[in-house]
>>> print(open('run30.cif').read())   # mmCIF, C-alpha atoms
data_start
loop_
_atom_site.label_atom_id
_atom_site.label_comp_id
_atom_site.auth_asym_id
_atom_site.auth_seq_id
_atom_site.Cartn_x
_atom_site.Cartn_y
_atom_site.Cartn_z
CA MET E 316 105.65 20.44 -168.04
CA ILE E 317 103.48 23.55 -167.67
CA SER E 318 105.43 26.71 -166.88
CA ASN E 319 104.04 29.05 -164.22
CA LYS E 320 103.86 31.68 -166.98
CA ASP E 321 101.25 29.55 -168.75
CA TYR E 322 98.51 29.59 -166.11
CA ILE E 323 96.73 31.73 -163.53
CA PHE E 324 95.38 30.25 -160.29
CA GLY E 325 92.90 31.35 -157.66
CA ILE E 326 89.24 32.25 -158.12
CA ARG E 327 89.57 36.04 -157.91
CA ALA E 328 92.70 36.08 -160.06
CA VAL E 329 90.97 34.05 -162.77
CA ILE E 330 87.89 36.32 -162.67
CA GLU E 331 90.17 39.33 -163.14
CA ALA E 332 91.96 37.60 -166.03
CA ILE E 333 88.61 36.96 -167.75
CA GLU E 334 87.52 40.57 -167.22
CA ALA E 335 90.86 41.78 -168.63
CA GLY E 336 90.29 39.79 -171.81
CA ARG E 337 93.26 37.45 -171.39
CA ASN E 338 93.54 34.66 -173.99
CA ILE E 339 92.43 31.61 -172.01
CA ASP E 340 92.66 28.11 -173.41
CA LYS E 341 90.50 26.47 -170.76
CA ILE E 342 89.66 26.75 -167.08
CA LEU E 343 90.10 23.75 -164.79
CA VAL E 344 87.71 23.71 -161.85
CA ARG E 345 87.73 21.26 -158.94
CA LYS E 346 84.69 18.99 -159.16
CA ASP E 347 83.24 19.93 -155.76
CA LEU E 348 83.85 23.69 -155.96
CA THR E 349 80.92 25.76 -154.62
CA GLY E 350 80.31 29.17 -153.07
CA ASP E 351 79.31 32.70 -154.02
CA LEU E 352 82.66 33.60 -155.57
CA SER E 353 82.69 30.43 -157.65
CA ARG E 354 79.18 31.25 -158.92
CA GLU E 355 80.49 34.65 -160.01
CA LEU E 356 83.32 32.87 -161.82
CA PHE E 357 80.92 30.49 -163.58
CA GLY E 358 78.86 33.44 -164.74
CA LYS E 359 81.96 35.11 -166.23
CA ILE E 360 82.96 31.87 -167.95
CA LYS E 361 79.51 31.48 -169.48
CA GLN E 362 79.39 35.13 -170.53
CA ARG E 363 82.71 34.86 -172.39
CA GLY E 364 81.93 31.41 -173.80
CA LEU E 365 85.10 29.93 -172.31
CA LEU E 366 85.82 26.22 -172.02
CA MET E 367 85.55 24.89 -168.47
CA GLN E 368 86.42 21.39 -167.29
CA ARG E 369 85.56 19.87 -163.93
CA VAL E 370 88.55 17.88 -162.70
CA PRO E 371 89.75 16.12 -159.52
CA GLY E 372 91.74 18.24 -157.11
CA GLU E 373 94.75 16.00 -157.71
CA LYS E 374 95.00 17.23 -161.30
CA LEU E 375 95.15 20.84 -160.12
CA ASN E 376 97.78 19.92 -157.53
CA ARG E 377 99.97 18.42 -160.24
CA ILE E 378 100.04 21.82 -161.93
CA THR E 379 100.73 23.81 -158.75
CA MET E 380 100.75 23.13 -155.02
CA LYS E 381 100.11 26.80 -154.28
CA ASN E 382 96.70 27.93 -153.00
CA HIS E 383 94.77 27.56 -156.27
CA GLN E 384 91.38 27.51 -154.47
CA GLY E 385 90.19 24.84 -156.89
CA VAL E 386 90.61 26.94 -160.05
CA ILE E 387 93.40 27.16 -162.63
CA ALA E 388 93.12 28.99 -165.96
CA LEU E 389 95.45 27.69 -168.66
CA LEU E 390 96.50 30.53 -170.93
CA SER E 391 96.63 30.36 -174.72
CA PRO E 392 99.35 32.04 -176.80
CA ILE E 393 96.68 32.97 -179.37
CA GLU E 394 93.12 34.18 -179.58
CA TYR E 395 90.87 31.53 -181.09
CA GLN E 396 88.82 32.65 -184.10
CA HIS E 397 85.13 32.01 -184.79
CA LEU E 398 84.57 29.82 -187.82
CA GLY E 399 81.37 31.68 -188.65
CA ASP E 400 83.31 34.95 -188.88
CA LEU E 401 86.02 33.54 -191.16
CA ILE E 402 83.83 31.72 -193.70
CA PRO E 403 82.41 34.87 -195.34
CA LEU E 404 85.71 36.74 -194.92
CA PHE E 405 87.59 34.28 -197.13
CA TYR E 406 85.01 34.68 -199.88
CA GLU E 407 85.06 38.47 -199.55
CA GLU E 408 88.84 38.45 -199.98
CA GLY E 409 88.49 36.44 -203.18
CA ARG E 410 90.18 33.33 -201.84
CA THR E 411 89.45 29.72 -202.68
CA PRO E 412 89.58 28.59 -199.06
CA LEU E 413 91.46 25.54 -197.83
CA LEU E 414 90.70 24.54 -194.25
CA ILE E 415 92.12 21.71 -192.15
CA LEU E 416 89.74 20.04 -189.68
CA LEU E 417 91.27 17.88 -186.94
CA ASP E 418 88.77 15.34 -185.62
CA GLY E 419 89.96 14.18 -182.21
CA LEU E 420 93.71 14.69 -182.66
CA THR E 421 95.40 14.48 -179.26
CA ASP E 422 99.17 14.52 -179.85
CA THR E 423 100.72 17.98 -179.53
CA ARG E 424 103.65 17.07 -181.78
CA ASN E 425 101.35 15.97 -184.57
CA PHE E 426 99.31 19.15 -184.13
CA GLY E 427 102.40 21.30 -184.37
CA ALA E 428 103.66 19.46 -187.45
CA ILE E 429 100.28 19.78 -189.20
CA ALA E 430 100.08 23.48 -188.35
CA ARG E 431 103.58 24.07 -189.73
CA THR E 432 102.70 22.33 -193.00
CA ALA E 433 99.34 24.10 -193.20
CA GLU E 434 100.98 27.49 -192.85
CA CYS E 435 103.61 26.65 -195.47
CA ALA E 436 100.93 25.33 -197.84
CA GLY E 437 98.88 28.50 -197.50
CA ALA E 438 95.91 26.90 -195.74
CA ASP E 439 93.45 29.48 -194.47
CA ALA E 440 92.59 28.04 -191.06
CA ILE E 441 92.76 25.03 -188.76
CA VAL E 442 89.61 23.87 -186.97
CA ILE E 443 89.67 21.85 -183.73
CA PRO E 444 86.91 20.72 -181.34
CA GLU E 445 86.62 22.02 -177.80
CA ARG E 446 86.88 18.65 -176.06
CA ASN E 447 89.04 15.53 -176.33
CA SER E 448 91.43 17.35 -178.63
CA VAL E 449 94.69 19.19 -178.88
CA SER E 450 94.68 22.91 -178.19
CA VAL E 451 97.07 25.78 -178.81
CA THR E 452 99.57 25.58 -175.96
CA PRO E 453 103.11 26.96 -175.77
CA ASP E 454 104.42 23.44 -176.52
CA ALA E 455 102.24 23.24 -179.62
CA VAL E 456 103.46 26.64 -180.80
CA LYS E 457 107.06 25.54 -180.31
CA THR E 458 106.50 22.27 -182.19
CA SER E 459 104.88 24.18 -185.04
CA ALA E 460 108.00 26.39 -185.36
CA GLY E 461 105.74 29.37 -184.61
CA ALA E 462 103.23 28.56 -187.37
CA LEU E 463 100.34 28.57 -184.88
CA LEU E 464 101.00 32.26 -184.32
CA HIS E 465 100.35 32.95 -188.01
CA ILE E 466 97.48 30.71 -189.10
CA PRO E 467 93.96 31.22 -187.69
CA VAL E 468 92.76 28.45 -185.37
CA CYS E 469 89.03 28.00 -184.80
CA ARG E 470 87.65 26.03 -181.89
CA VAL E 471 84.15 24.61 -182.38
CA ASN E 472 81.74 22.57 -180.30
CA THR E 473 82.19 19.53 -182.56
CA ILE E 474 83.79 18.82 -185.91
CA LEU E 475 80.44 17.46 -187.10
CA GLN E 476 78.88 20.86 -186.43
CA ALA E 477 81.71 22.54 -188.35
CA VAL E 478 81.23 20.20 -191.32
CA LYS E 479 77.54 21.06 -191.51
CA GLU E 480 78.29 24.79 -191.32
CA LEU E 481 80.87 24.48 -194.10
CA HIS E 482 78.43 22.52 -196.27
CA ASP E 483 75.87 25.28 -195.81
CA ASN E 484 78.44 27.77 -197.12
CA GLY E 485 79.45 25.92 -200.27
CA TYR E 486 82.51 23.99 -199.14
CA GLN E 487 83.27 20.44 -200.12
CA VAL E 488 84.48 18.33 -197.21
CA VAL E 489 87.10 15.70 -197.97
CA GLY E 490 88.12 13.04 -195.47
CA ALA E 491 91.56 11.45 -195.47
CA SER E 492 90.84 7.79 -194.82
CA GLU E 493 92.06 4.33 -195.79
CA LYS E 494 88.34 3.56 -196.15
CA GLY E 495 88.22 5.84 -199.15
CA ALA E 496 87.40 4.23 -202.50
CA VAL E 497 89.15 7.01 -204.44
CA ASP E 498 92.85 7.81 -204.70
CA TYR E 499 93.43 11.16 -203.02
CA THR E 500 94.92 12.59 -206.23
CA GLU E 501 91.66 11.98 -208.11
CA LEU E 502 89.75 14.45 -205.95
CA ASP E 503 89.31 18.08 -207.00
CA TYR E 504 90.82 20.51 -204.50
CA THR E 505 90.46 23.61 -206.71
CA VAL E 506 87.10 24.47 -205.12
CA PRO E 507 86.56 25.68 -201.52
CA THR E 508 87.68 22.64 -199.55
CA ALA E 509 87.95 21.41 -195.99
CA ILE E 510 90.24 18.43 -195.42
CA VAL E 511 89.39 16.31 -192.37
CA MET E 512 92.15 14.42 -190.57
CA GLY E 513 91.23 11.91 -187.87
CA ALA E 514 92.60 10.90 -184.49
CA GLU E 515 95.92 9.09 -184.29
CA ASN E 516 94.51 5.68 -183.34
CA THR E 517 90.90 5.71 -184.50
CA GLY E 518 90.83 7.98 -187.54
CA ILE E 519 87.84 10.13 -188.46
CA SER E 520 84.73 9.44 -186.39
CA ASN E 521 81.93 7.55 -188.15
CA GLU E 522 79.44 10.41 -187.93
CA VAL E 523 81.90 12.80 -189.60
CA LEU E 524 82.87 10.19 -192.20
CA ARG E 525 79.23 9.91 -193.23
CA GLN E 526 79.04 13.66 -193.80
CA CYS E 527 82.15 13.89 -196.00
CA ASP E 528 81.56 14.53 -199.69
CA ALA E 529 84.45 12.24 -200.57
CA LEU E 530 87.04 10.04 -198.87
CA GLY E 531 90.54 10.11 -200.30
CA ALA E 532 92.90 7.19 -199.71
CA ILE E 533 96.69 7.56 -199.82
CA PRO E 534 98.29 4.46 -201.41
CA ILE E 535 100.38 2.38 -199.02
CA ARG E 536 103.06 0.24 -200.70
CA GLY E 537 104.96 -0.99 -197.65
CA HIS E 538 104.19 -3.35 -194.79
CA ILE E 539 102.96 -0.73 -192.30
CA GLY E 540 99.27 -0.07 -192.82
CA SER E 541 99.08 3.68 -192.45
CA LEU E 542 101.00 6.94 -192.39
CA ASN E 543 101.48 9.18 -189.37
CA VAL E 544 98.59 11.66 -189.36
CA SER E 545 100.86 14.68 -189.75
CA VAL E 546 102.54 13.12 -192.79
CA ALA E 547 99.17 12.18 -194.31
CA ALA E 548 97.91 15.73 -193.75
CA GLY E 549 100.97 17.09 -195.55
CA VAL E 550 100.41 14.77 -198.51
CA MET E 551 96.77 15.89 -198.82
CA MET E 552 97.55 19.58 -198.44
CA TYR E 553 100.29 19.60 -201.04
CA GLU E 554 98.08 17.81 -203.53
CA ALA E 555 95.73 20.78 -203.11
CA VAL E 556 98.68 23.13 -203.64
CA ARG E 557 99.75 21.26 -206.78
CA GLN E 558 96.27 21.30 -208.31
CA ARG E 559 95.72 24.96 -207.54
CA MET E 560 99.07 25.95 -209.04
CA CYS E 561 98.30 23.96 -212.22
CA ASN E 562 94.85 25.53 -212.37
CA LYS E 563 96.12 29.11 -212.53
#
>>> encode(input="run30.cif", output="structure tokens")
Amino acid sequence: MISNKDYIFGIRAVIEAIEAGRNIDKILVRKDLTGDLSRELFGKIKQRGLLMQRVPGEKLNRITMKNHQGVIALLSPIEYQHLGDLIPLFYEEGRTPLLILLDGLTDTRNFGAIARTAECAGADAIVIPERNSVSVTPDAVKTSAGALLHIPVCRVNTILQAVKELHDNGYQVVGASEKGAVDYTELDYTVPTAIVMGAENTGISNEVLRQCDALGAIPIRGHIGSLNVSVAAGVMMYEAVRQRMCNK
């Protein structure tokens, strides 16, 4: 359930929120919305590089029955970071970066659990795609026990684009996948590393899998074929922690 503190509705109110620099997760716009004021809104959205989704009016009405004028801005508890800004910063600070890339994750509880583990493990950032993905909502922050307020979250056009950018900057990209031919403990996490976790039902997308430097498999000894993604992410992250502690 979205609280009325978590969104702003109405075209002029949303324009003012954008101009004031409010942290906006995404803006929902009725599919058939037109007019001079809406064109001004679209210009502001493009100028700020905000995420906009065209949706049926019924979806907006489920959030509020007040006069939303076809526009609702969902607010974010955080300000998303730019991956391109963080990559050189980690090197400048002398870190051996560890990033967590979430390829199509959609469950808020899994997102929160992964973020909590990432913060505890000392990961440097979480990267999510703009579309068909979780985002940082108040529910996600609550599920993460507040971890999402402490660890940088980057939102990118696609995870594939992020992987290519990380490759260009000297990162190895490791995918967590049952398709992996190597035990996850045999991989070297002591170098700048990005760990990719896939969607709950489909795993890492094929195009991202092909771009990974290595695929690490977590052994399964029981009857169920796979771990929950948040548990698998924790296993991978703490192997990186273990190796880096032993490497000191």
>>> atom_distance(input="run30.cif", atom1="atom CA of Ser450 of chain E", atom2="atom CA of Leu343 of chain E")
14.2 Å
>>> residues_near_point(input="run30.cif", point="(78.6, 13.0, -188.3)", cutoff="10 Å", atoms="only C-alpha atoms", output="ChimeraX atom specification")
/E:473-476,478-479,519-527
>>> atom_distance(input="run30.cif", atom1="atom CA of Arg345 of chain E", atom2="atom CA of Ala455 of chain E")
25.3 Å
>>> closest_residue(input="run30.cif", among="E:Gln487, E:Thr517, E:Thr349, E:Asn382", to="Ala328 of chain E", atoms="only C-alpha atoms")
E:Asn382
>>> closest_residue(input="run30.cif", among="E:Thr452, E:Thr411, E:Thr458, E:Gln362", to="Gly437 of chain E", atoms="all atoms listed in the file")
E:Thr411
>>> atom_distance(input="run30.cif", atom1="atom CA of Gly419 of chain E", atom2="atom CA of Asn472 of chain E")
11.9 Å
>>> closest_residue(input="run30.cif", among="E:Val386, E:His482, E:Thr421, E:Pro392", to="Lys374 of chain E", atoms="all atoms listed in the file")
E:Val386
>>> resolve_selection(input="run30.cif", expression="the PyMOL selection byres ((chain E and resi 459-461) around 7)", output="short mmCIF file (atom, residue, chain, number, x, y, z; two decimals) with C-alpha atoms, keeping the file's coordinate frame")
data_model
loop_
_atom_site.label_atom_id
_atom_site.label_comp_id
_atom_site.auth_asym_id
_atom_site.auth_seq_id
_atom_site.Cartn_x
_atom_site.Cartn_y
_atom_site.Cartn_z
CA GLY E 427 102.40 21.30 -184.37
CA ALA E 428 103.66 19.46 -187.45
CA ALA E 430 100.08 23.48 -188.35
CA ARG E 431 103.58 24.07 -189.73
CA ALA E 455 102.24 23.24 -179.62
CA VAL E 456 103.46 26.64 -180.80
CA LYS E 457 107.06 25.54 -180.31
CA THR E 458 106.50 22.27 -182.19
CA ALA E 462 103.23 28.56 -187.37
CA LEU E 463 100.34 28.57 -184.88
CA LEU E 464 101.00 32.26 -184.32
#
>>> closest_residue(input="run30.cif", among="E:Asp321, E:Glu515, E:Asp347, E:Glu394", to="Cys469 of chain E", atoms="only C-alpha atoms")
E:Glu394
>>> axis_aligned_box(input="run30.cif", around="segment 525-542 of chain E", padding_each_side="5 Å", output="lines of an AutoDock Vina configuration file")
center_x = 92.0
center_y = 5.6
center_z = -196.9
size_x = 35.9
size_y = 27.9
size_z = 19.1
>>> closest_residue(input="run30.cif", among="E:Ala509, E:Asn425, E:Leu502, E:Gly540", to="Gly485 of chain E", atoms="all atoms listed in the file")
E:Ala509
>>> resolve_selection(input="run30.cif", expression="the PyMOL selection byres ((chain E and resi 511) around 6)", output="PDB file with C-alpha atoms, keeping the file's coordinate frame")
ATOM      1  CA  LEU E 416      89.740  20.040-189.680  1.00  0.00           C
ATOM      2  CA  LEU E 417      91.270  17.880-186.940  1.00  0.00           C
ATOM      3  CA  GLY E 490      88.120  13.040-195.470  1.00  0.00           C
ATOM      4  CA  ILE E 510      90.240  18.430-195.420  1.00  0.00           C
ATOM      5  CA  MET E 512      92.150  14.420-190.570  1.00  0.00           C
TER       6      MET E 512
END
>>> residues_around(input="run30.cif", residues="Met560 of chain E", least_positions_apart="2", cutoff="12 Å", atoms="all atoms listed in the file", output="PyMOL selection string")
chain E and resi 436-437+504-505+553-558+562-563
>>> resolve_selection(input="run30.cif", expression="the PyMOL selection byres ((chain E and resi 395) around 8)", output="VMD selection string")
chain E and resid 393 to 394 396 to 397 467 to 470
>>> closest_residue(input="run30.cif", among="E:Glu493, E:Glu331, E:Asp439, E:Glu480", to="Tyr406 of chain E", atoms="all atoms listed in the file")
E:Asp439
>>> residues_around(input="run30.cif", residues="Arg327 of chain E", least_positions_apart="6", cutoff="12 Å", atoms="all atoms listed in the file", output="PDB file with C-alpha atoms, in the frame of the given file")
ATOM      1  CA  ILE E 333      88.610  36.960-167.750  1.00  0.00           C
ATOM      2  CA  GLU E 334      87.520  40.570-167.220  1.00  0.00           C
ATOM      3  CA  ASP E 351      79.310  32.700-154.020  1.00  0.00           C
ATOM      4  CA  LEU E 352      82.660  33.600-155.570  1.00  0.00           C
ATOM      5  CA  SER E 353      82.690  30.430-157.650  1.00  0.00           C
ATOM      6  CA  ARG E 354      79.180  31.250-158.920  1.00  0.00           C
ATOM      7  CA  GLU E 355      80.490  34.650-160.010  1.00  0.00           C
ATOM      8  CA  LEU E 356      83.320  32.870-161.820  1.00  0.00           C
ATOM      9  CA  PHE E 357      80.920  30.490-163.580  1.00  0.00           C
ATOM     10  CA  LYS E 359      81.960  35.110-166.230  1.00  0.00           C
ATOM     11  CA  ASN E 382      96.700  27.930-153.000  1.00  0.00           C
ATOM     12  CA  HIS E 383      94.770  27.560-156.270  1.00  0.00           C
ATOM     13  CA  GLN E 384      91.380  27.510-154.470  1.00  0.00           C
ATOM     14  CA  GLY E 385      90.190  24.840-156.890  1.00  0.00           C
ATOM     15  CA  VAL E 386      90.610  26.940-160.050  1.00  0.00           C
ATOM     16  CA  ILE E 387      93.400  27.160-162.630  1.00  0.00           C
ATOM     17  CA  ALA E 388      93.120  28.990-165.960  1.00  0.00           C
TER      18      ALA E 388
END
